[in-house]
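For reference, query_6.txt is printed below; it contains compact mmCIF, C-alpha atoms.
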```txt
# COMPACT_ATOMS: atom_id res chain seq x y z
CA MET A 104 79.69 -72.44 222.00
CA SER A 105 80.38 -69.34 219.97
CA VAL A 106 82.79 -66.65 221.05
CA SER A 107 83.60 -63.42 219.27
CA LEU A 108 86.58 -61.16 218.95
CA ALA A 109 86.65 -58.15 221.19
CA THR A 110 85.30 -54.94 219.67
CA GLY A 111 87.91 -52.69 218.11
CA ALA A 112 90.44 -55.40 217.31
CA ASP A 113 93.08 -54.79 214.67
CA PRO A 114 91.59 -55.91 211.33
CA ASP A 115 94.91 -57.62 210.50
CA THR A 116 94.59 -59.84 213.59
CA LEU A 117 94.39 -63.50 212.62
CA VAL A 118 91.23 -65.14 213.85
CA VAL A 119 89.59 -68.53 213.91
CA SER A 120 86.29 -67.89 212.15
CA GLY A 121 85.05 -71.48 211.99
CA TRP A 122 85.89 -75.00 213.05
CA SER A 123 84.65 -78.54 212.84
CA ALA A 124 85.68 -81.93 214.14
CA VAL A 125 85.11 -85.63 213.89
CA SER A 126 85.80 -87.30 217.22
CA PRO A 127 84.76 -90.16 219.47
CA TYR A 128 81.73 -88.00 220.25
CA GLY A 129 80.55 -88.12 216.64
CA LEU A 130 80.59 -86.05 213.47
CA GLY A 131 80.67 -82.26 213.67
CA ALA A 132 81.40 -79.46 216.09
CA ARG A 133 78.15 -79.76 218.05
CA PRO A 134 78.58 -83.37 219.29
CA PHE A 135 82.18 -82.59 220.22
CA ALA A 136 81.22 -79.43 222.10
CA ASP A 137 78.42 -81.20 223.95
CA GLY A 138 80.69 -84.04 224.95
CA VAL A 139 83.41 -81.71 226.19
CA ARG A 140 81.02 -79.54 228.19
CA GLN A 141 79.44 -82.58 229.80
CA GLU A 142 82.89 -84.12 230.40
CA ARG A 143 81.51 -87.35 228.94
CA ASP A 144 83.85 -90.32 228.64
CA ALA A 145 84.00 -91.38 224.99
CA VAL A 146 86.54 -94.19 225.46
CA ARG A 147 84.61 -97.43 225.08
CA VAL A 148 85.14 -101.18 225.36
CA ALA A 149 85.59 -102.88 221.99
CA ASP A 150 82.75 -104.52 220.14
CA GLU A 151 83.07 -108.26 219.60
CA ASP A 152 84.22 -107.85 216.00
CA ALA A 153 86.61 -104.94 216.64
CA ASP A 154 90.37 -105.39 216.78
CA LEU A 155 91.96 -102.94 219.22
CA GLY A 156 95.35 -104.60 219.20
CA PRO A 157 96.71 -104.83 222.74
CA TYR A 158 93.98 -102.61 224.23
CA GLU A 159 90.55 -103.33 225.63
CA ARG A 160 89.19 -99.79 225.20
CA ALA A 161 89.59 -97.04 222.61
CA GLY A 162 88.17 -93.66 221.66
CA ARG A 163 86.90 -94.49 218.17
CA ILE A 164 84.55 -92.42 216.04
CA PRO A 165 81.19 -94.16 216.27
CA GLU A 166 79.70 -95.60 213.08
CA PHE A 167 82.03 -93.78 210.69
CA ASP A 168 81.59 -95.38 207.28
CA VAL A 169 83.50 -93.71 204.47
CA ARG A 170 80.93 -94.37 201.76
CA ALA A 171 77.99 -93.40 203.96
CA VAL A 172 79.59 -90.06 204.79
CA LEU A 173 81.28 -89.16 201.49
CA GLY A 174 79.45 -91.30 198.96
CA ARG A 175 80.67 -94.15 196.79
CA LYS A 176 82.39 -92.11 194.09
CA GLY A 177 86.12 -91.70 194.69
CA THR A 178 86.16 -93.53 198.02
CA ARG A 179 86.82 -97.16 197.01
CA SER A 180 90.50 -97.05 197.95
CA MET A 181 90.38 -94.09 200.37
CA ASP A 182 92.07 -94.79 203.70
CA ARG A 183 90.46 -93.86 207.01
CA ALA A 184 92.74 -90.92 207.86
CA THR A 185 92.06 -89.30 204.49
CA ALA A 186 88.32 -89.88 204.85
CA LEU A 187 88.31 -88.24 208.28
CA ALA A 188 90.14 -85.19 206.93
CA VAL A 189 87.96 -84.88 203.82
CA ALA A 190 84.78 -85.18 205.88
CA THR A 191 85.92 -82.62 208.46
CA ALA A 192 86.97 -80.15 205.78
CA GLY A 193 83.59 -80.53 204.12
CA MET A 194 81.70 -79.79 207.32
CA LEU A 195 83.89 -76.76 208.01
CA LEU A 196 83.46 -75.35 204.52
CA GLU A 197 79.70 -75.86 204.74
CA SER A 198 79.50 -74.01 208.06
CA ALA A 199 81.68 -71.16 206.75
CA GLY A 200 79.03 -70.25 204.19
CA PRO A 201 78.83 -70.48 200.42
CA GLY A 202 81.65 -69.23 198.27
CA LEU A 203 84.65 -69.68 200.58
CA ALA A 204 86.52 -71.88 198.10
CA ALA A 205 84.37 -71.46 194.98
CA ASP A 206 84.89 -67.70 194.53
CA ASP A 207 88.71 -67.81 194.61
CA PRO A 208 90.09 -71.33 195.21
CA GLU A 209 93.70 -70.12 194.88
CA ALA A 210 93.16 -67.91 197.95
CA VAL A 211 92.40 -70.80 200.29
CA GLY A 212 95.18 -73.07 201.50
CA MET A 213 95.38 -76.11 203.73
CA VAL A 214 97.82 -77.13 206.45
CA LEU A 215 97.13 -80.59 207.84
CA GLY A 216 99.05 -82.34 210.57
CA THR A 217 99.47 -86.11 210.86
CA GLY A 218 101.55 -88.65 212.72
CA HIS A 219 102.49 -91.08 209.97
CA GLY A 220 99.61 -90.70 207.56
CA SER A 221 97.63 -93.96 207.56
CA VAL A 222 99.58 -96.54 209.55
CA GLN A 223 97.17 -99.26 208.46
CA SER A 224 97.73 -98.43 204.78
CA ILE A 225 101.50 -98.48 205.22
CA MET A 226 101.39 -101.83 207.01
CA ASP A 227 98.95 -103.37 204.52
CA PHE A 228 101.00 -102.25 201.53
CA THR A 229 104.23 -103.51 203.07
CA ARG A 230 102.61 -106.85 203.91
CA ASP A 231 101.33 -107.21 200.36
CA SER A 232 104.79 -106.50 198.97
CA LEU A 233 106.15 -109.43 200.97
CA ARG A 234 103.31 -111.88 200.43
CA GLY A 235 101.99 -110.96 196.97
CA GLU A 236 102.51 -113.20 193.98
CA LYS A 237 105.22 -112.16 191.54
CA PRO A 238 105.52 -110.15 189.39
CA PHE A 239 102.49 -108.13 190.58
CA HIS A 240 103.43 -107.71 194.22
CA VAL A 241 101.03 -104.92 195.15
CA ASP A 242 97.98 -103.00 194.02
CA PRO A 243 99.43 -99.70 192.65
CA ALA A 244 96.12 -97.94 193.35
CA LEU A 245 96.83 -98.34 197.08
CA PHE A 246 100.32 -96.83 197.02
CA PRO A 247 99.16 -93.18 197.39
CA ASN A 248 97.64 -94.12 200.76
CA THR A 249 101.13 -94.80 202.11
CA VAL A 250 102.29 -91.22 201.48
CA MET A 251 102.08 -88.87 204.43
CA ASN A 252 100.55 -85.97 202.49
CA LYS A 253 97.71 -88.05 201.01
CA ALA A 254 95.07 -86.68 203.42
CA ALA A 255 96.00 -83.03 202.82
CA GLY A 256 96.24 -83.44 199.07
CA GLN A 257 93.01 -85.39 198.73
CA SER A 258 91.14 -82.89 200.93
CA ALA A 259 92.29 -80.05 198.69
CA ILE A 260 91.32 -81.92 195.52
CA TRP A 261 87.96 -83.00 196.91
CA HIS A 262 87.00 -79.47 197.98
CA SER A 263 88.83 -77.48 195.23
CA LEU A 264 91.30 -75.74 197.54
CA ARG A 265 94.09 -74.56 195.25
CA GLY A 266 96.14 -72.46 197.63
CA PRO A 267 99.28 -73.69 199.45
CA ASN A 268 98.99 -77.28 200.64
CA THR A 269 101.25 -78.47 203.45
CA THR A 270 101.56 -81.53 205.65
CA VAL A 271 103.08 -81.15 209.13
CA ALA A 272 104.27 -83.94 211.44
CA GLY A 273 105.55 -83.08 214.90
CA GLY A 274 104.23 -85.52 217.49
CA ALA A 275 101.71 -84.39 220.08
CA PRO A 276 102.13 -80.63 219.32
CA THR A 277 101.37 -81.18 215.60
CA GLY A 278 98.08 -79.27 215.72
CA LEU A 279 99.74 -76.25 217.31
CA LEU A 280 102.53 -76.39 214.73
CA ALA A 281 99.97 -76.53 211.92
CA LEU A 282 98.21 -73.46 213.31
CA SER A 283 101.50 -71.57 213.54
CA TYR A 284 102.49 -72.60 209.98
CA ALA A 285 99.11 -71.43 208.68
CA ALA A 286 99.61 -68.08 210.40
CA ARG A 287 102.95 -67.64 208.63
CA LEU A 288 101.36 -68.40 205.27
CA LEU A 289 98.77 -65.69 205.86
CA ARG A 290 101.17 -63.08 207.22
CA GLN A 291 103.52 -63.55 204.27
CA GLY A 292 100.70 -63.15 201.78
CA HIS A 293 100.73 -66.66 200.30
CA CYS A 294 96.96 -66.96 200.66
CA GLU A 295 93.98 -65.25 202.27
CA ALA A 296 92.50 -68.08 204.33
CA VAL A 297 93.73 -71.45 205.55
CA LEU A 298 92.08 -74.62 206.75
CA CYS A 299 94.46 -75.95 209.39
CA GLY A 300 94.44 -78.76 211.92
CA ALA A 301 95.41 -82.41 212.26
CA VAL A 302 94.09 -85.92 211.78
CA GLU A 303 94.82 -89.34 213.29
CA GLU A 304 93.09 -92.64 212.58
CA PHE A 305 92.72 -95.59 214.92
CA SER A 306 93.78 -99.02 213.72
CA ALA A 307 95.10 -102.18 215.30
CA GLU A 308 98.38 -101.53 213.47
CA ARG A 309 98.78 -98.10 215.06
CA ALA A 310 97.77 -99.53 218.44
CA TRP A 311 100.55 -102.11 218.33
CA LEU A 312 103.13 -99.53 217.21
CA GLU A 313 102.21 -97.19 220.05
CA TYR A 314 102.15 -100.02 222.57
CA ARG A 315 105.58 -101.35 221.61
CA ALA A 316 107.08 -97.86 221.53
CA ARG A 317 105.86 -97.01 225.02
CA THR A 318 106.03 -100.26 226.93
CA GLY A 319 109.21 -100.33 228.97
CA SER A 320 110.05 -96.67 228.31
CA ALA A 321 110.23 -94.81 231.60
CA HIS A 322 109.68 -91.30 230.25
CA ARG A 323 106.90 -91.88 227.71
CA GLN A 324 103.19 -91.56 228.37
CA PRO A 325 101.26 -94.62 229.51
CA ALA A 326 100.40 -97.02 226.71
CA GLY A 327 96.76 -96.32 225.92
CA PRO A 328 93.91 -96.07 225.61
CA LEU A 329 94.17 -94.63 222.11
CA GLY A 330 91.70 -92.42 220.26
CA GLU A 331 91.21 -90.96 216.81
CA GLY A 332 89.80 -87.83 215.26
CA CYS A 333 90.30 -84.73 213.18
CA ALA A 334 89.82 -81.06 213.99
CA LEU A 335 90.14 -78.26 211.43
CA PHE A 336 89.97 -74.48 211.82
CA LEU A 337 89.41 -71.66 209.37
CA LEU A 338 92.16 -69.10 209.97
CA GLU A 339 91.97 -65.69 208.30
CA SER A 340 92.25 -61.99 209.08
CA ALA A 341 89.55 -60.39 211.19
CA GLU A 342 88.85 -57.98 208.33
CA ARG A 343 88.30 -60.80 205.81
CA ALA A 344 86.10 -62.75 208.21
CA ARG A 345 83.79 -59.80 208.76
CA ALA A 346 83.74 -58.92 205.06
CA HIS A 347 82.41 -62.41 204.32
CA GLY A 348 79.87 -62.37 207.14
CA ARG A 349 81.74 -64.68 209.50
CA THR A 350 81.93 -63.87 213.21
CA PRO A 351 85.47 -64.34 214.57
CA LEU A 352 85.45 -67.00 217.26
CA ALA A 353 88.88 -66.33 218.75
CA SER A 354 92.07 -64.53 217.83
CA LEU A 355 95.51 -66.08 217.64
CA ALA A 356 97.55 -64.06 220.13
CA ALA A 357 100.88 -65.92 220.28
CA SER A 358 102.67 -69.24 219.91
CA ARG A 359 106.01 -70.60 221.07
CA PHE A 360 107.83 -73.88 220.39
CA LEU A 361 110.95 -75.16 222.14
CA ALA A 362 112.91 -78.41 222.35
CA PHE A 363 114.39 -80.37 225.23
CA SER A 364 117.04 -83.08 225.20
CA ASP A 365 115.80 -85.23 228.08
CA VAL A 366 112.68 -85.58 230.17
CA GLU A 367 114.32 -84.01 233.23
CA ARG A 368 114.40 -80.68 231.40
CA ALA A 369 110.82 -80.90 230.14
CA GLN A 370 109.31 -78.99 233.06
CA SER A 371 111.50 -75.93 232.66
CA VAL A 372 111.05 -75.95 228.86
CA VAL A 373 107.24 -76.16 229.05
CA ALA A 374 107.24 -73.35 231.61
CA ARG A 375 109.46 -71.23 229.39
CA ALA A 376 107.34 -71.85 226.28
CA ALA A 377 104.17 -70.91 228.15
CA ALA A 378 105.72 -67.83 229.74
CA GLU A 379 107.16 -66.57 226.45
CA ALA A 380 103.85 -67.11 224.63
CA LEU A 381 102.01 -65.17 227.34
CA LYS A 382 104.56 -62.37 227.17
CA GLU A 383 104.24 -62.15 223.38
CA ALA A 384 100.46 -62.00 223.74
CA ASP A 385 100.76 -59.32 226.46
CA VAL A 386 98.78 -61.53 228.84
CA THR A 387 99.54 -62.08 232.52
CA PRO A 388 98.99 -65.47 234.16
CA GLU A 389 96.23 -63.90 236.25
CA GLU A 390 94.28 -63.03 233.09
CA VAL A 391 94.22 -66.58 231.70
CA THR A 392 90.78 -68.14 232.16
CA LEU A 393 91.39 -71.67 230.88
CA LEU A 394 94.34 -74.05 230.57
CA VAL A 395 94.23 -76.93 228.10
CA PRO A 396 97.28 -79.15 228.70
CA SER A 397 98.13 -82.19 226.61
CA ASP A 398 97.34 -84.34 229.67
CA GLY A 399 99.73 -87.05 228.57
CA GLY A 400 100.07 -88.82 231.88
CA GLY A 401 103.21 -90.51 233.18
CA PRO A 402 106.41 -88.68 234.16
CA LEU A 403 106.23 -86.32 231.17
CA GLY A 404 102.63 -85.37 231.88
CA ALA A 405 103.53 -84.77 235.51
CA ARG A 406 106.24 -82.34 234.45
CA GLU A 407 103.81 -80.46 232.21
CA ASP A 408 101.39 -80.19 235.13
CA ALA A 409 104.18 -79.04 237.44
CA ALA A 410 105.26 -76.35 234.96
CA LEU A 411 101.71 -74.99 234.75
CA ALA A 412 101.31 -75.15 238.53
CA ASP A 413 104.47 -73.08 238.93
CA LEU A 414 103.08 -70.42 236.60
CA PHE A 415 99.45 -70.41 237.68
CA GLY A 416 99.08 -72.29 240.96
CA GLU A 417 97.14 -75.48 241.57
CA GLN A 418 93.59 -74.13 241.84
CA ARG A 419 93.08 -71.70 238.97
CA PRO A 420 92.49 -71.24 236.16
CA ALA A 421 90.28 -74.17 235.21
CA ARG A 422 91.92 -77.08 233.38
CA LEU A 423 90.34 -78.92 230.47
CA ARG A 424 91.81 -82.43 230.34
CA LEU A 425 90.70 -83.91 227.06
CA ARG A 426 92.87 -87.00 226.71
CA ARG A 427 91.14 -88.85 229.51
CA LEU A 428 87.81 -88.25 227.73
CA VAL A 429 88.66 -89.24 224.14
CA GLY A 430 91.92 -91.19 224.44
CA ASP A 431 95.38 -90.46 223.10
CA CYS A 432 94.66 -89.11 219.61
CA GLY A 433 98.31 -88.91 218.59
CA ALA A 434 99.04 -86.10 216.15
CA ALA A 435 95.43 -84.88 216.35
CA THR A 436 95.68 -84.32 220.12
CA ALA A 437 96.61 -80.64 220.07
CA SER A 438 94.03 -79.77 217.41
CA LEU A 439 91.34 -81.40 219.53
CA GLN A 440 92.68 -79.41 222.49
CA LEU A 441 92.19 -76.21 220.47
CA ALA A 442 88.69 -77.34 219.52
CA GLY A 443 88.02 -78.08 223.17
CA ALA A 444 89.09 -74.57 224.12
CA LEU A 445 86.57 -73.13 221.65
CA ALA A 446 83.86 -75.60 222.66
CA ALA A 447 84.26 -74.76 226.34
CA GLY A 448 83.13 -71.18 225.69
CA ALA A 449 85.92 -69.68 227.77
CA GLU A 450 85.95 -65.93 228.29
CA GLY A 451 89.32 -64.20 227.95
CA PRO A 452 92.78 -65.58 227.16
CA VAL A 453 93.20 -69.35 226.87
CA LEU A 454 96.53 -71.19 227.02
CA VAL A 455 96.94 -74.50 225.18
CA THR A 456 100.13 -76.45 225.86
CA SER A 457 101.60 -79.63 224.45
CA VAL A 458 104.63 -81.75 225.18
CA ASP A 459 105.95 -84.78 223.31
CA PRO A 460 108.35 -87.48 224.54
CA ASP A 461 110.55 -86.93 221.47
CA GLY A 462 111.52 -83.52 222.88
CA GLN A 463 109.03 -80.90 221.61
CA ALA A 464 107.05 -78.46 223.73
CA GLY A 465 104.56 -75.91 222.44
CA ALA A 466 102.21 -73.24 223.76
CA VAL A 467 99.50 -71.22 222.00
CA VAL A 468 97.48 -68.30 223.40
CA LEU A 469 94.00 -67.62 222.06
CA ARG A 470 91.85 -64.61 222.96
CA ALA A 471 88.15 -65.31 223.17
CA THR A 472 85.15 -63.42 224.55
CA PRO A 473 81.52 -64.57 224.67
```
Now, as a test, write the supplied structure out as structure tokens.
Amino acid sequence: MSVSLATGADPDTLVVSGWSAVSPYGLGARPFADGVRQERDAVRVADEDADLGPYERAGRIPEFDVRAVLGRKGTRSMDRATALAVATAGMLLESAGPGLAADDPEAVGMVLGTGHGSVQSIMDFTRDSLRGEKPFHVDPALFPNTVMNKAAGQSAIWHSLRGPNTTVAGGAPTGLLALSYAARLLRQGHCEAVLCGAVEEFSAERAWLEYRARTGSAHRQPAGPLGEGCALFLLESAERARAHGRTPLASLAASRFLAFSDVERAQSVVARAAAEALKEADVTPEEVTLLVPSDGGGPLGAREDAALADLFGEQRPARLRLRRLVGDCGAATASLQLAGALAAGAEGPVLVTSVDPDGQAGAVVLRATP
């Protein structure tokens, strides 16, 4: 599973020196990596007592209980999205070794992507405001769960991360955008290390929103099945990683983000984003060893596939198609794609692409060697 930076790399190169995930495969990087390598389907039929909204199957994290994972203290009113982020951050910090945040908490920031925050919390709070008895319409302790930056803020408080704290929302490419934002924070000297990634919870409320938004829309991805998860990465300079005894897993070579106004232009925009990212990374298409597309399905997914086929051909390099294994994980999709690229143990440059029906396309190039 581990990959290291090539010998002789520039010490100022930004590297991923650790990662963790909670996913339909379970808690931690190891279950996720095993599931990806085995190409195991983690989208399951609902239990009798589970409410999947309009769907019969979903990629849910098995047996995730907030209090069992994080303890009873401070979790009474914690929503699921926040709990997933806090748990993932904890596992990442533990794997990074002692002292990452304790020695200099102001040096460690966090950039967390999300779709809406906790859709269930927003819906529950709104419902209570309409049905609650006057004059005490709602429980004020639950209001923070409706704010989009709750997961990022609570993760920082829980783990004493006092550096910059940012929430990013950008559809399917959110995880790539969070990685790029974290890189800018580091290059501009705002902090020395960043935990970055994205989170998305599953709930019946989110399922219905996604279903209604996609049903009857010709250019959006198929409606379901949905998934949930969180993937976080420790991004820092190669020099800092080695100084703290961490082996760089992959270097961030380039990223590019573009917009398109209608689905007919998506193919050319995805191709352009990928080509420009490869050019910035000084990588030729022939050198790329793994492609990780967003695998959205439908007309938009077909255009992403066509763009990559134009650049690389149909047969090589290998494609890792994660969505069909874990479901549509919304804003966490691209972060799980990045985690999948690391878990796959690819040798050489890896291209991760993402496209969203609202008109965003992104591409990130990582350099990894075994």
ask   = Expressed in Å to a single decimal, how great is the separation between atom CA of Ser232 of chain A and atom CA of Thr217 of chain A?
value =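 Those two atoms sit 24.2 Å apart.
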ask   = Distance atom CA of Asp206 of chain A-atom CA of Ala356 of chain A, one decimal place?
value =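 We find that atom CA of Asp206 of chain A and atom CA of Ala356 of chain A lie 28.8 Å from each other.
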note = Expressed in Å, the length from atom CA of Arg183 of chain A to atom CA of Val146 of chain A is 18.9 Å
ask   = Counting only C-alpha atoms, which of A:Met213, A:Ala353, A:Ala259, A:Leu361 gets nearest to Gly448 of chain A?
value =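 So, comparing all the options, the nearest one is A:Ala353.
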Long-range neighbours of Asp137 of chain A as number ranges by chain, 10 Å cut-off, all atoms listed in the file, 6 positions minimum in chain = A: 104, 128, 143, 446-447
message = At a cut-off of 9 Å, using only C-alpha atoms, what residues contact Leu425 of chain A? Leave out same-chain residues fewer than 5 positions from it and give the result as a list in words.
response =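 The residues that qualify are Val139, Glu142, Val395, Pro396, Ser397, Asp398, Gly430, Asp431, Thr436, Leu439, Gln440 and Gly443 of chain A.
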Write the residues you've just listed into a file as a CSV table (one decimal), in the coordinates of the input, and include C-alpha atoms for each of them.
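Output below, filename selection_32.csv:
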```csv
chain,number,residue,atom,x,y,z
A,139,VAL,CA,83.4,-81.7,226.2
A,142,GLU,CA,82.9,-84.1,230.4
A,395,VAL,CA,94.2,-76.9,228.1
A,396,PRO,CA,97.3,-79.2,228.7
A,397,SER,CA,98.1,-82.2,226.6
A,398,ASP,CA,97.3,-84.3,229.7
A,430,GLY,CA,91.9,-91.2,224.4
A,431,ASP,CA,95.4,-90.5,223.1
A,436,THR,CA,95.7,-84.3,220.1
A,439,LEU,CA,91.3,-81.4,219.5
A,440,GLN,CA,92.7,-79.4,222.5
A,443,GLY,CA,88.0,-78.1,223.2
```
request  = Would you mind listing what lies within 6 Å of segment 266-269 of chain A as a ChimeraX atom specification, with only C-alpha atoms counted and same-chain residues fewer than 3 positions away left out?
outcome  = /A:209-214
